[in-house]
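Q: Input file: structure.pdb. Contents: PDB, C-alpha atoms, pLDDT in the B column.
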```
ATOM      1  CA  MET A   1      66.875  53.532 232.462  1.00 65.00           C
ATOM      2  CA  ASP A   2      66.236  57.117 231.363  1.00 89.00           C
ATOM      3  CA  LYS A   3      69.951  57.649 230.785  1.00 89.00           C
ATOM      4  CA  LEU A   4      70.134  54.550 228.580  1.00 90.00           C
ATOM      5  CA  ALA A   5      67.125  55.710 226.562  1.00 90.00           C
ATOM      6  CA  TYR A   6      68.704  59.146 226.168  1.00 92.00           C
ATOM      7  CA  GLU A   7      72.013  57.685 224.979  1.00 93.00           C
ATOM      8  CA  MET A   8      70.252  55.371 222.523  1.00 92.00           C
ATOM      9  CA  ASN A   9      68.300  58.340 221.196  1.00 93.00           C
ATOM     10  CA  GLN A  10      71.524  60.328 220.742  1.00 94.00           C
ATOM     11  CA  VAL A  11      73.075  57.458 218.774  1.00 93.00           C
ATOM     12  CA  ALA A  12      69.971  57.286 216.579  1.00 93.00           C
ATOM     13  CA  ILE A  13      70.081  61.037 215.951  1.00 95.00           C
ATOM     14  CA  LYS A  14      73.762  60.906 214.941  1.00 94.00           C
ATOM     15  CA  ALA A  15      73.106  57.979 212.608  1.00 94.00           C
ATOM     16  CA  ALA A  16      70.229  59.863 210.961  1.00 93.00           C
ATOM     17  CA  GLU A  17      72.386  62.969 210.527  1.00 93.00           C
ATOM     18  CA  LYS A  18      75.148  60.910 208.908  1.00 93.00           C
ATOM     19  CA  ALA A  19      72.656  59.241 206.571  1.00 94.00           C
ATOM     20  CA  THR A  20      71.244  62.633 205.604  1.00 93.00           C
ATOM     21  CA  GLU A  21      74.727  63.989 204.862  1.00 92.00           C
ATOM     22  CA  GLU A  22      75.532  60.948 202.733  1.00 94.00           C
ATOM     23  CA  ALA A  23      72.271  61.403 200.821  1.00 96.00           C
ATOM     24  CA  LYS A  24      73.146  65.058 200.166  1.00 95.00           C
ATOM     25  CA  LYS A  25      76.562  64.008 198.838  1.00 97.00           C
ATOM     26  CA  GLU A  26      74.947  61.450 196.526  1.00 97.00           C
ATOM     27  CA  ASP A  27      72.490  64.094 195.281  1.00 97.00           C
ATOM     28  CA  ALA A  28      75.374  66.508 194.659  1.00 97.00           C
ATOM     29  CA  ILE A  29      77.257  63.824 192.710  1.00 98.00           C
ATOM     30  CA  THR A  30      74.180  63.210 190.570  1.00 97.00           C
ATOM     31  CA  LEU A  31      73.953  66.946 189.855  1.00 97.00           C
ATOM     32  CA  ILE A  32      77.665  67.111 188.991  1.00 98.00           C
ATOM     33  CA  GLN A  33      77.296  64.251 186.539  1.00 97.00           C
ATOM     34  CA  ALA A  34      74.215  65.793 184.931  1.00 97.00           C
ATOM     35  CA  LEU A  35      75.885  69.182 184.537  1.00 97.00           C
ATOM     36  CA  LYS A  36      79.007  67.538 183.122  1.00 96.00           C
ATOM     37  CA  GLN A  37      76.883  65.973 180.377  1.00 96.00           C
ATOM     38  CA  VAL A  38      75.861  69.438 179.164  1.00 96.00           C
ATOM     39  CA  ASP A  39      79.539  70.370 178.819  1.00 95.00           C
ATOM     40  CA  LEU A  40      79.823  72.873 181.648  1.00 96.00           C
ATOM     41  CA  SER A  41      83.287  73.597 183.024  1.00 97.00           C
ATOM     42  CA  SER A  42      84.258  72.263 186.424  1.00 97.00           C
ATOM     43  CA  GLU A  43      84.310  75.843 187.749  1.00 97.00           C
ATOM     44  CA  VAL A  44      80.722  76.482 186.654  1.00 97.00           C
ATOM     45  CA  ILE A  45      79.628  73.125 188.044  1.00 98.00           C
ATOM     46  CA  PHE A  46      81.310  73.939 191.360  1.00 98.00           C
ATOM     47  CA  GLU A  47      79.408  77.231 191.578  1.00 98.00           C
ATOM     48  CA  LYS A  48      76.074  75.593 190.740  1.00 97.00           C
ATOM     49  CA  VAL A  49      76.564  72.775 193.237  1.00 98.00           C
ATOM     50  CA  LEU A  50      77.721  75.257 195.872  1.00 97.00           C
ATOM     51  CA  HIS A  51      74.578  77.286 195.258  1.00 97.00           C
ATOM     52  CA  SER A  52      72.377  74.192 195.572  1.00 96.00           C
ATOM     53  CA  TYR A  53      74.128  72.386 198.437  1.00 96.00           C
ATOM     54  CA  GLY A  54      76.166  75.088 200.154  1.00 95.00           C
ATOM     55  CA  ASP A  55      73.897  75.033 203.193  1.00 94.00           C
ATOM     56  CA  ASP A  56      74.408  71.294 203.656  1.00 93.00           C
ATOM     57  CA  LEU A  57      77.988  70.670 202.506  1.00 95.00           C
ATOM     58  CA  SER A  58      81.123  72.722 203.000  1.00 96.00           C
ATOM     59  CA  SER A  59      82.845  74.420 200.113  1.00 97.00           C
ATOM     60  CA  ASP A  60      85.796  72.049 200.517  1.00 97.00           C
ATOM     61  CA  GLU A  61      83.517  69.003 200.399  1.00 97.00           C
ATOM     62  CA  ILE A  62      81.856  70.283 197.241  1.00 98.00           C
ATOM     63  CA  LYS A  63      85.220  71.054 195.630  1.00 98.00           C
ATOM     64  CA  LYS A  64      86.381  67.514 196.394  1.00 98.00           C
ATOM     65  CA  LEU A  65      83.171  66.003 194.970  1.00 98.00           C
ATOM     66  CA  VAL A  66      83.549  68.025 191.768  1.00 98.00           C
ATOM     67  CA  GLU A  67      87.200  66.997 191.412  1.00 97.00           C
ATOM     68  CA  GLU A  68      86.363  63.319 191.973  1.00 97.00           C
ATOM     69  CA  ASN A  69      83.331  63.233 189.688  1.00 97.00           C
ATOM     70  CA  TYR A  70      84.121  65.656 186.880  1.00 92.00           C
TER
END
```
Any chance you could put this one into structure tokens?
A:
Amino acid sequence: MDKLAYEMNQVAIKAAEKATEEAKKEDAITLIQALKQVDLSSEVIFEKVLHSYGDDLSSDEIKKLVEENY
């Protein structure tokens, strides 16, 4: 029974981590869209988003989000 509880806990932890990552991506997209409205270049937006979310998202992920949402 302890093994089952452990495995269920691991599944719950992974689901929470995935949800947190998705929330960070959505927050980054919101920031990209806001910065785009003030006419910043995609390069400047990339740097600002990297500065804000670089600890949570990889540089490649941020670059892709900027490209998709700029």
Q: Could you pull out every residue with an atom within 9 Å of (78.1, 65.2, 193.9), file coordinates, counting all atoms listed in the file, and send them as an NGL selection string?
A: :A and (24-33 or 49 or 62 or 64-66 or 68-69)
Q: Could you tell me which residues the PyMOL selection byres ((chain A and resi 42-48) around 8) returns for this structure, as a PyMOL selection string?
A: chain A and resi 32+35-36+40-41+49-52+62-63+66-67+70
Q: Work out where the centre of an axis-aligned box around every listed atom of stretch 58-65 of chain A lies and how long its edges are once 4 Å is added on each side; give both in Å to one decimal as AutoDock Vina command-line options.
A:
```
--center_x 83.8 --center_y 70.2 --center_z 199.0 --size_x 13.3 --size_y 16.4 --size_z 16.0
```
Q: Give the answer as one residue: which of A:Asp39, A:Asp56, A:Asp2, A:Glu7 has the shortest atom-to-atom distance to A:Ala23, using all atoms listed in the file?
A: A:Asp56
Q: If I take atom CA of A:Glu21 and atom CA of A:Val38, how far is one from the other in Å, to one decimal?
A: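 Calculated distance between atom CA of A:Glu21 and atom CA of A:Val38 is 26.3 Å.
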Q: To one decimal in Å, tell me the separation between atom CA of A:Gln10 and atom CA of A:Glu22.
A: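 The value is 18.5 Å.
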Q: Between atom CA of A:Asp55 and atom CA of A:Ala16, what is the distance, to one decimal in Å?
A: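 Going from atom CA of A:Asp55 over to atom CA of A:Ala16, I get 17.4 Å.
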